[in-house]
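S.K.: Just entry.cif, nothing more (mmCIF, C-alpha atoms and all ligand atoms):
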data_start
loop_
_atom_site.label_atom_id
_atom_site.label_comp_id
_atom_site.auth_asym_id
_atom_site.auth_seq_id
_atom_site.Cartn_x
_atom_site.Cartn_y
_atom_site.Cartn_z
CA MET A 1 59.93 42.86 23.80
CA TYR A 2 56.66 42.65 21.88
CA GLU A 3 57.67 44.91 19.01
CA PHE A 4 58.10 43.49 15.53
CA HIS A 5 61.56 43.64 13.97
CA LYS A 6 62.49 43.47 10.32
CA LEU A 7 64.74 40.47 9.69
CA LYS A 8 66.09 39.16 6.41
CA ILE A 9 65.66 35.57 5.35
CA LYS A 10 69.22 34.29 5.25
CA ASN A 11 68.53 30.83 3.86
CA ILE A 12 65.64 28.65 2.72
CA GLU A 13 65.95 24.86 2.72
CA GLN A 14 63.40 22.45 1.34
CA GLU A 15 62.76 20.06 4.23
CA THR A 16 60.12 17.86 2.59
CA LYS A 17 57.93 18.47 -0.44
CA ASP A 18 55.56 20.58 1.64
CA ALA A 19 57.80 22.12 4.30
CA VAL A 20 60.65 24.62 4.28
CA VAL A 21 63.12 25.72 6.90
CA TRP A 22 63.88 29.44 7.02
CA THR A 23 67.05 30.73 8.63
CA LEU A 24 66.68 34.33 9.74
CA ASP A 25 69.49 36.84 9.74
CA VAL A 26 69.62 38.56 13.12
CA PRO A 27 71.77 41.73 13.11
CA GLU A 28 74.48 41.85 15.77
CA GLN A 29 72.69 44.61 17.73
CA GLU A 30 69.48 42.53 17.96
CA LYS A 31 71.09 39.21 18.92
CA GLU A 32 70.34 39.71 22.60
CA ILE A 33 66.57 40.22 22.17
CA PHE A 34 66.37 37.32 19.74
CA LYS A 35 67.91 34.83 22.20
CA TRP A 36 65.52 31.94 22.71
CA LYS A 37 64.76 29.14 25.13
CA ALA A 38 64.24 25.58 23.90
CA GLY A 39 60.57 25.28 22.92
CA GLN A 40 59.82 28.96 22.20
CA HIS A 41 58.34 30.30 19.00
CA LEU A 42 58.47 33.34 16.72
CA THR A 43 55.43 35.31 15.59
CA PHE A 44 55.41 36.64 12.02
CA LYS A 45 53.25 39.56 10.95
CA TYR A 46 52.33 40.11 7.32
CA ASP A 47 49.85 41.78 5.09
CA PHE A 48 47.36 39.65 3.20
CA ASN A 49 45.30 41.75 0.77
CA GLY A 50 45.26 44.64 3.22
CA GLU A 51 44.52 42.47 6.28
CA GLU A 52 47.17 42.09 8.99
CA LEU A 53 47.69 38.42 9.76
CA ARG A 54 49.98 36.77 12.29
CA ARG A 55 51.37 33.26 12.45
CA SER A 56 53.61 31.55 15.00
CA TYR A 57 56.29 28.97 14.24
CA SER A 58 58.48 27.18 16.75
CA ILE A 59 62.23 27.58 16.70
CA LEU A 60 63.99 24.32 15.94
CA SER A 61 67.62 25.34 16.53
CA PRO A 62 69.80 24.63 19.56
CA THR A 63 69.94 27.56 21.98
CA ASP A 64 73.74 27.58 21.98
CA GLY A 65 73.91 27.92 18.20
CA ASP A 66 73.94 31.04 16.10
CA GLU A 67 71.24 30.12 13.60
CA LEU A 68 67.65 31.14 14.19
CA LYS A 69 65.56 28.64 12.24
CA VAL A 70 61.86 27.90 11.92
CA LEU A 71 60.06 25.21 9.98
CA ILE A 72 57.00 26.22 7.97
CA LYS A 73 54.80 23.37 6.83
CA LYS A 74 52.34 24.02 4.05
CA VAL A 75 48.70 23.87 4.98
CA ASP A 76 46.04 23.75 2.25
CA GLN A 77 45.07 27.33 1.43
CA GLY A 78 47.29 28.57 4.25
CA ARG A 79 47.58 32.29 3.68
CA PHE A 80 51.15 32.37 4.98
CA SER A 81 52.38 28.81 4.81
CA GLU A 82 51.64 28.39 1.09
CA PRO A 83 53.51 31.49 -0.11
CA ALA A 84 56.26 30.70 2.41
CA GLN A 85 57.11 27.62 0.35
CA THR A 86 57.70 29.32 -2.98
CA GLN A 87 57.16 33.07 -3.02
CA TYR A 88 59.55 34.25 -0.32
CA GLN A 89 63.17 34.56 -1.40
CA ILE A 90 66.52 34.65 0.35
CA GLY A 91 67.29 38.27 1.23
CA GLN A 92 63.62 39.22 1.60
CA THR A 93 62.60 41.03 4.79
CA VAL A 94 59.95 39.66 7.15
CA GLU A 95 58.46 41.15 10.32
CA VAL A 96 59.15 39.06 13.41
CA MET A 97 58.44 39.37 17.14
CA PRO A 98 61.25 38.18 19.45
CA PRO A 99 61.00 34.63 20.85
CA ILE A 100 58.16 34.02 23.27
CA GLY A 101 56.36 31.07 24.86
CA ASN A 102 56.20 29.03 28.02
CA PHE A 103 56.52 25.56 26.57
CA ILE A 104 60.15 25.42 27.65
CA LEU A 105 62.55 22.73 28.74
CA SER A 106 65.45 23.63 31.06
CA PRO A 107 67.13 20.31 31.75
CA GLU A 108 68.50 18.96 35.01
CA ASN A 109 71.46 16.61 35.13
CA ASN A 110 71.31 12.86 35.84
CA SER A 111 67.73 12.50 34.68
CA ASN A 112 65.52 11.43 31.79
CA TYR A 113 63.15 13.38 29.58
CA VAL A 114 60.33 11.88 27.54
CA LEU A 115 59.44 13.85 24.43
CA ILE A 116 56.44 12.95 22.28
CA ALA A 117 55.72 14.66 18.95
CA ALA A 118 53.46 14.22 15.96
CA GLY A 119 54.11 15.81 12.55
CA SER A 120 55.30 19.41 12.73
CA GLY A 121 55.04 19.16 16.53
CA ILE A 122 58.64 17.96 16.23
CA THR A 123 59.86 21.55 15.75
CA PRO A 124 59.96 22.76 19.39
CA ILE A 125 60.71 19.20 20.49
CA LEU A 126 63.88 19.09 18.37
CA SER A 127 65.10 22.25 20.08
CA MET A 128 64.42 20.51 23.42
CA VAL A 129 66.34 17.41 22.33
CA TYR A 130 69.36 19.62 21.57
CA GLU A 131 68.92 21.35 24.91
CA VAL A 132 68.93 18.18 27.00
CA LEU A 133 71.85 16.65 25.10
CA ASN A 134 73.98 19.80 24.85
CA GLN A 135 73.25 21.37 28.23
CA SER A 136 73.06 18.38 30.60
CA ASN A 137 74.13 14.77 30.94
CA SER A 138 70.52 13.55 30.96
CA HIS A 139 68.85 11.12 28.57
CA VAL A 140 66.06 11.64 26.04
CA ASN A 141 63.42 9.15 24.91
CA LEU A 142 61.74 10.62 21.84
CA TYR A 143 58.53 9.11 20.40
CA TYR A 144 57.74 10.66 17.04
CA GLY A 145 54.71 9.98 14.83
CA ASN A 146 54.27 10.74 11.13
CA GLY A 147 52.21 9.59 8.17
CA THR A 148 55.07 8.39 5.97
CA VAL A 149 58.85 8.12 6.01
CA GLU A 150 59.09 10.63 3.17
CA GLY A 151 56.99 13.17 5.06
CA THR A 152 58.96 12.80 8.31
CA LEU A 153 60.25 16.23 9.23
CA LEU A 154 63.77 16.95 10.54
CA LYS A 155 64.83 13.32 10.26
CA LYS A 156 68.39 14.17 9.24
CA GLN A 157 68.92 16.33 12.32
CA LEU A 158 67.62 13.51 14.52
CA THR A 159 69.83 10.94 12.80
CA ASP A 160 72.88 13.16 13.29
CA LEU A 161 72.02 13.58 16.97
CA LYS A 162 71.52 9.84 17.34
CA ASP A 163 74.99 9.25 15.85
CA LYS A 164 76.55 11.77 18.19
CA PHE A 165 74.67 10.85 21.36
CA ALA A 166 73.99 7.15 20.81
CA ASP A 167 73.97 6.35 24.53
CA ARG A 168 71.75 9.28 25.60
CA LEU A 169 69.15 9.56 22.84
CA SER A 170 66.59 6.97 21.88
CA VAL A 171 64.20 7.73 19.00
CA SER A 172 61.13 5.62 18.17
CA TYR A 173 59.32 6.44 14.94
CA PHE A 174 55.64 5.70 14.36
CA LEU A 175 54.02 5.65 10.91
CA SER A 176 50.28 5.89 10.32
CA ARG A 177 50.10 5.68 6.53
CA GLU A 178 52.79 3.17 5.64
CA PRO A 179 53.21 -0.43 6.69
CA ILE A 180 55.69 -1.07 9.47
CA ASP A 181 56.69 -4.47 10.84
CA ILE A 182 56.28 -3.82 14.53
CA ASP A 183 52.65 -3.36 15.60
CA LEU A 184 53.51 -0.96 18.39
CA TYR A 185 54.97 1.54 15.92
CA SER A 186 52.20 1.19 13.34
CA GLY A 187 49.51 3.88 13.48
CA ARG A 188 49.18 7.12 15.39
CA ILE A 189 50.57 7.63 18.86
CA ASP A 190 47.62 7.04 21.17
CA ALA A 191 46.75 6.06 24.72
CA ASP A 192 47.09 2.33 24.08
CA LYS A 193 50.59 2.68 22.64
CA ILE A 194 51.68 4.99 25.45
CA ASN A 195 50.38 2.52 28.06
CA LYS A 196 52.48 -0.23 26.52
CA ILE A 197 55.54 1.99 26.17
CA TYR A 198 55.22 3.26 29.72
CA GLN A 199 55.08 -0.26 31.15
CA LYS A 200 57.89 -1.54 28.94
CA GLU A 201 60.34 1.35 28.80
CA LEU A 202 59.53 4.17 31.18
CA LYS A 203 58.11 3.03 34.47
CA ASP A 204 61.45 2.37 36.14
CA LEU A 205 63.19 5.52 34.95
CA ASN A 206 63.72 8.71 36.92
CA ILE A 207 61.84 11.08 34.61
CA SER A 208 61.95 14.84 35.17
CA GLY A 209 59.44 15.80 32.51
CA TYR A 210 57.17 14.73 29.68
CA TYR A 211 56.89 17.21 26.78
CA LEU A 212 54.14 16.67 24.20
CA CYS A 213 53.55 18.57 20.97
CA GLY A 214 51.01 17.66 18.33
CA PRO A 215 47.30 17.80 17.56
CA GLY A 216 44.85 18.15 20.44
CA GLU A 217 43.55 14.59 20.30
CA MET A 218 47.06 13.16 20.65
CA ILE A 219 47.84 15.42 23.57
CA THR A 220 44.61 14.57 25.35
CA SER A 221 44.93 10.82 24.91
CA VAL A 222 48.64 10.69 25.77
CA SER A 223 48.26 12.93 28.84
CA THR A 224 45.35 10.81 30.08
CA ALA A 225 47.33 7.61 29.61
CA LEU A 226 50.33 9.02 31.46
CA LYS A 227 48.16 10.17 34.36
CA GLU A 228 46.45 6.76 34.54
CA ASN A 229 49.91 5.26 34.89
CA GLY A 230 50.52 7.47 37.92
CA VAL A 231 52.58 10.22 36.29
CA ASP A 232 52.34 13.50 38.21
CA THR A 233 50.32 16.04 36.20
CA ARG A 234 52.88 18.72 37.02
CA SER A 235 55.53 16.88 35.05
CA ILE A 236 53.42 16.75 31.87
CA HIS A 237 53.86 19.79 29.60
CA SER A 238 52.20 20.19 26.25
CA GLU A 239 51.81 22.43 23.28
CA PHE A 240 48.84 21.89 21.11
CA PHE A 241 49.25 22.92 17.52
CA LEU A 242 46.62 24.49 15.43
CA SER A 243 46.51 24.24 11.67
CA GLU A 244 46.96 27.60 10.03
CA ASP A 245 43.65 29.44 9.61
CA GLN A 246 41.87 26.87 11.79
CA VAL A 247 39.53 28.57 14.21
CA ILE A 248 38.57 26.51 17.24
CA ARG A 249 35.90 28.84 18.44
CA ASP A 250 35.05 32.45 17.91
CA SER A 251 36.17 34.22 21.06
CA SER A 252 33.62 36.99 20.50
CA GLU A 253 30.75 34.61 21.31
CA LYS A 254 30.50 35.89 24.87
CA ALA A 255 29.44 39.37 25.84
CA SER A 256 30.75 41.28 28.82
CA SER A 257 28.25 41.30 31.68
CA THR A 258 29.52 44.62 33.10
CA ASP A 259 31.06 47.95 32.17
CA SER A 260 34.75 47.56 32.82
CA GLY A 261 37.77 49.84 32.90
CA VAL A 262 40.92 47.97 31.88
CA SER A 263 44.46 48.98 32.71
CA VAL A 264 47.27 47.18 30.88
CA THR A 265 51.04 47.41 31.35
CA ILE A 266 53.34 46.35 28.52
CA ASP A 267 57.08 47.01 28.43
CA GLY A 268 56.72 49.41 31.36
CA VAL A 269 54.01 51.53 29.73
CA THR A 270 50.49 51.55 31.20
CA SER A 271 47.42 52.26 29.04
CA ARG A 272 43.71 52.31 29.82
CA TYR A 273 40.57 51.47 27.88
CA ASP A 274 36.93 50.57 28.50
CA ILE A 275 34.73 47.62 27.66
CA LYS A 276 31.00 48.24 27.83
CA GLN A 277 28.43 45.78 29.12
CA GLY A 278 27.17 43.73 26.19
CA ASP A 279 30.36 44.21 24.13
CA GLU A 280 31.31 40.93 22.49
CA LYS A 281 34.97 41.67 22.87
CA THR A 282 37.84 40.02 24.63
CA LEU A 283 40.43 42.07 26.52
CA LEU A 284 42.70 41.73 23.50
CA ASP A 285 40.16 42.73 20.85
CA ALA A 286 39.02 45.77 22.81
CA ALA A 287 42.65 46.85 23.33
CA LEU A 288 43.41 46.54 19.62
CA ASP A 289 40.28 48.58 18.82
CA ASN A 290 41.68 51.28 21.10
CA GLY A 291 45.02 51.30 19.28
CA ILE A 292 46.87 49.53 22.11
CA ASN A 293 49.48 47.21 20.74
CA MET A 294 48.99 44.04 22.80
CA PRO A 295 50.86 40.95 21.62
CA TYR A 296 48.95 38.11 19.98
CA SER A 297 49.13 35.56 17.24
CA CYS A 298 46.51 32.78 17.01
CA LYS A 299 43.61 34.48 18.88
CA ALA A 300 42.39 30.97 19.63
CA GLY A 301 43.83 30.19 23.05
CA VAL A 302 46.63 28.02 21.67
CA CYS A 303 49.91 29.90 21.27
CA ALA A 304 50.01 31.86 24.58
CA THR A 305 51.53 34.90 22.84
CA CYS A 306 48.82 36.97 24.60
CA ARG A 307 49.58 35.53 28.08
CA CYS A 308 49.59 38.14 30.82
CA LYS A 309 49.01 38.35 34.56
CA LEU A 310 45.64 39.35 35.97
CA VAL A 311 46.68 41.68 38.79
CA GLU A 312 43.19 42.85 39.77
CA GLY A 313 39.63 41.90 38.90
CA GLU A 314 38.05 38.79 37.46
CA VAL A 315 37.69 37.48 33.94
CA GLU A 316 36.12 34.50 32.29
CA MET A 317 38.35 32.63 29.87
CA ILE A 318 36.44 31.13 26.96
CA GLU A 319 39.09 28.61 25.93
CA ASN A 320 42.52 27.68 27.19
CA TYR A 321 44.69 25.24 25.31
CA SER A 322 48.03 26.55 26.49
CA LEU A 323 48.20 27.65 30.13
CA GLU A 324 49.14 25.00 32.65
CA ASP A 325 47.56 24.61 36.09
CA TRP A 326 50.40 26.41 37.88
CA GLU A 327 49.96 29.42 35.57
CA LEU A 328 46.23 29.56 36.25
CA GLU A 329 46.91 29.32 40.00
CA GLN A 330 49.24 32.32 39.65
CA ASN A 331 46.54 34.32 37.83
CA TYR A 332 47.98 34.16 34.33
CA ILE A 333 45.34 34.54 31.64
CA LEU A 334 45.07 34.61 27.87
CA SER A 335 43.87 38.07 26.88
CA CYS A 336 42.54 36.78 23.55
CA GLN A 337 40.09 34.58 25.45
CA SER A 338 39.22 36.74 28.45
CA ILE A 339 35.93 38.55 29.01
CA PRO A 340 35.73 40.95 32.00
CA LYS A 341 33.52 40.05 34.96
CA THR A 342 34.33 43.04 37.19
CA ASP A 343 34.25 46.78 36.67
CA LYS A 344 37.99 47.09 37.12
CA ILE A 345 40.58 44.91 35.43
CA VAL A 346 44.35 45.30 35.74
CA ILE A 347 46.61 43.15 33.56
CA ASP A 348 50.38 43.11 33.24
CA TYR A 349 52.48 41.64 30.45
CA ASP A 350 55.74 42.35 32.25
CA SER A 351 55.15 40.04 35.26
S1 LIG A 401 46.90 34.92 20.82
FE1 LIG A 401 47.34 32.78 20.86
S2 LIG A 401 46.57 32.18 22.81
FE2 LIG A 401 45.97 34.25 22.67
#
Starting from the coordinates I provided, produce the structure as structure tokens.
M.R.:
Amino acid sequence: MYEFHKLKIKNIEQETKDAVVWTLDVPEQEKEIFKWKAGQHLTFKYDFNGEELRRSYSILSPTDGDELKVLIKKVDQGRFSEPAQTQYQIGQTVEVMPPIGNFILSPENNSNYVLIAAGSGITPILSMVYEVLNQSNSHVNLYYGNGTVEGTLLKKQLTDLKDKFADRLSVSYFLSREPIDIDLYSGRIDADKINKIYQKELKDLNISGYYLCGPGEMITSVSTALKENGVDTRSIHSEFFLSEDQVIRDSSEKASSTDSGVSVTIDGVTSRYDIKQGDEKTLLDAALDNGINMPYSCKAGVCATCRCKLVEGEVEMIENYSLEDWELEQNYILSCQSIPKTDKIVIDYDS
């Protein structure tokens, strides 16, 4: 499940002047392992001047389609996203881990879903829009913020969906760097706007879930506003995106306070390694140093590619931008952020 596979780029489309959509060619025999759920992402591995780097990009396609597509937006000096715009060619092979991630929407019937995205946060959200519309009879209210009309990603797909599902999909666009007549839609999506929208459009609806994807400040302010309006925390799901190469905090800042023996199970295989007291290493870093191939991408507590279950022992997590409360209650941890606190640690990626 966590192995990398070589896939060819089947098509490259220019989405905006600084974003491309790659379609990946999945061979017939690998179709099953590359099935995805709405909201999941792919992790790419590549070599940059001898250094192995990994980047995750959300899948934007509908789960009942046959096209595996990701959107890659250029980030200044992005070591993958810049070459992805111009240097990669159709037919070229890339190394890709099968779909992963817990920011998932599985829709119920006869309900409503509120989706809120900013910028490239639209990518997993678009897959969720398809999922609700194609797999249920429920409704979607999408609130989508961008700087400019020209820079609005995946607008054509949303317009096509709006034409097809006029009575079940409502899309409200917000622009922060271009004038717009209606005050409510001018500027970034923030707590004030969400308060107004909630009171005007949402408070009387039967809403099964709120799904948020965008920068951290948007997620924090929108989640707070929803909670202040009485929305149950358990119905708010979010994925925070991190600009490529952005490091939130160095996870090696904390040293282990004890000698610890770690046992890890991945794809049915159990391996063991040690972390010494004083080592400034997370469970993930120490495993990689020992040649154990644990899955990861961002190493910053954001993507959840390194999520596993803590079966025994205690750890301290330095940062967590991706696990929800129910996951923490069930002892899921991020190995890229976890420092051991007990002499024995057992973790399991297969649970
Ligand atoms: S590798 Fe991304 S959260 Fe740990």
S.K.: Sorted by chain and rising residue number, which residues of segment 77-127 of chain A lie within 10 Å of segment 16-28 of chain A, and what are their closest atom pairs and distances in Å to one decimal, counting all atoms listed in the file, as CSV?
M.R.:
residue,atom,partner,partner_atom,distance
A:Ser81,CA,A:Ala19,CA,8.6
A:Glu82,CA,A:Asp18,CA,8.8
A:Ala84,CA,A:Val20,CA,7.7
A:Gln85,CA,A:Val20,CA,6.1
A:Thr86,CA,A:Val20,CA,9.1
A:Tyr88,CA,A:Trp22,CA,9.8
A:Gln89,CA,A:Trp22,CA,9.9
A:Ile90,CA,A:Trp22,CA,8.9
A:Gly91,CA,A:Asp25,CA,8.9
A:Gln92,CA,A:Leu24,CA,10.0
A:Thr93,CA,A:Leu24,CA,9.3
A:Val94,CA,A:Leu24,CA,9.0
A:Val96,CA,A:Leu24,CA,9.6
A:Ser120,CA,A:Ala19,CA,9.2
S.K.: List the neighbours of segment 323-340 of chain A out to 6 Å using only C-alpha atoms; skip same-chain residues closer than 2 positions along the sequence, and give me the result as a VMD selection string.
M.R.: chain A and resid 251 256 282 to 284 299 306 to 310 315 to 318 342
S.K.: For the atom pair atom CA of Val132 of chain A and atom CA of Lys196 of chain A, what is the interatomic distance in Å to one decimal place?
M.R.: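 That distance, rounded to one decimal, is 24.7 Å.
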S.K.: Just want the 9 Å neighbourhood of Leu212 of chain A, counted on only C-alpha atoms, with same-chain residues fewer than 2 positions away dropped. Output as a list in words.
M.R.: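 Close residues of Leu212 of chain A: Val114, Leu115, Ile116, Ala117, Ala118, Gly121, Ile125, Tyr210, Gly214, Met218, Ile219, Val222, Ser223, Ile236, His237, Ser238, Glu239 and Phe240 of chain A.
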S.K.: Quick one: everything within 12 Å of Val231 of chain A, counting only C-alpha atoms, minus sequence neighbours fewer than 3 positions away in the same chain. Send it as a PyMOL selection string.
M.R.: chain A and resi 114+195+198-199+202-210+222-228+234-237
S.K.: Would you save the residues from that selection as a PDB file, in the frame of the given file, using C-alpha atoms?
M.R.:
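Ended up saving to selection04.pdb:
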ATOM      1  CA  VAL A 114      60.330  11.880  27.540  1.00  0.00           C
ATOM      2  CA  ASN A 195      50.380   2.520  28.060  1.00  0.00           C
ATOM      3  CA  TYR A 198      55.220   3.260  29.720  1.00  0.00           C
ATOM      4  CA  GLN A 199      55.080  -0.260  31.150  1.00  0.00           C
ATOM      5  CA  LEU A 202      59.530   4.170  31.180  1.00  0.00           C
ATOM      6  CA  LYS A 203      58.110   3.030  34.470  1.00  0.00           C
ATOM      7  CA  ASP A 204      61.450   2.370  36.140  1.00  0.00           C
ATOM      8  CA  LEU A 205      63.190   5.520  34.950  1.00  0.00           C
ATOM      9  CA  ASN A 206      63.720   8.710  36.920  1.00  0.00           C
ATOM     10  CA  ILE A 207      61.840  11.080  34.610  1.00  0.00           C
ATOM     11  CA  SER A 208      61.950  14.840  35.170  1.00  0.00           C
ATOM     12  CA  GLY A 209      59.440  15.800  32.510  1.00  0.00           C
ATOM     13  CA  TYR A 210      57.170  14.730  29.680  1.00  0.00           C
ATOM     14  CA  VAL A 222      48.640  10.690  25.770  1.00  0.00           C
ATOM     15  CA  SER A 223      48.260  12.930  28.840  1.00  0.00           C
ATOM     16  CA  THR A 224      45.350  10.810  30.080  1.00  0.00           C
ATOM     17  CA  ALA A 225      47.330   7.610  29.610  1.00  0.00           C
ATOM     18  CA  LEU A 226      50.330   9.020  31.460  1.00  0.00           C
ATOM     19  CA  LYS A 227      48.160  10.170  34.360  1.00  0.00           C
ATOM     20  CA  GLU A 228      46.450   6.760  34.540  1.00  0.00           C
ATOM     21  CA  ARG A 234      52.880  18.720  37.020  1.00  0.00           C
ATOM     22  CA  SER A 235      55.530  16.880  35.050  1.00  0.00           C
ATOM     23  CA  ILE A 236      53.420  16.750  31.870  1.00  0.00           C
ATOM     24  CA  HIS A 237      53.860  19.790  29.600  1.00  0.00           C
TER      25      HIS A 237
END
S.K.: Give the answer as one residue: which of A:Lys69, A:Lys37, A:Arg188, A:Lys344 has the shortest atom-to-atom distance to Val264 of chain A, using all atoms listed in the file?
M.R.: A:Lys344
S.K.: When you look at Glu108 of chain A with a cut-off of 9 Å (counting all atoms listed in the file), what residues show up, excluding the ones that are within fewer than 3 positions of it in the same chain? I need them as an MDAnalysis selection string.
M.R.: chainID A and resid 111:112 132 135:138 208
S.K.: Go ahead and compute the interatomic distance for atom CA of Ile345 of chain A and atom CA of Asp259 of chain A, in Å to one decimal.
M.R.: 10.5 Å
S.K.: Using all atoms listed in the file, can you tell me which of A:Lys276, A:Lys193, A:Lys341, A:Arg55 comes closest to ligand LIG 401 (chain A)?
M.R.: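 Among A:Lys276, A:Lys193, A:Lys341, A:Arg55, it is A:Arg55 that comes nearest to ligand LIG 401 (chain A).
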S.K.: Can you tell me how far atom CA of Ile100 of chain A sits from atom CA of Glu32 of chain A, in Å to one decimal?
M.R.: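 Separation of atom CA of Ile100 of chain A and atom CA of Glu32 of chain A: 13.5 Å.
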S.K.: Counting all atoms listed in the file, figure out which residue out of A:Lys74, A:Arg54, A:Arg168, A:Lys162 gets nearest to ligand LIG 401 (chain A).
M.R.: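 Once distances to ligand LIG 401 (chain A) are computed over all atoms listed in the file, the minimum belongs to A:Arg54.
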S.K.: Which residue, A:Gln14, A:Asn320, A:Thr159, A:Gln29, has the smallest gap to ligand LIG 401 (chain A) when you use all atoms listed in the file?
M.R.: A:Asn320
S.K.: Between A:Thr220, A:Phe241, A:Phe4, A:Val346, which is the closest to Ala300 of chain A once you count all atoms listed in the file?
M.R.: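 Looking only at the distances to Ala300 of chain A, the closest residue turns out to be A:Phe241.
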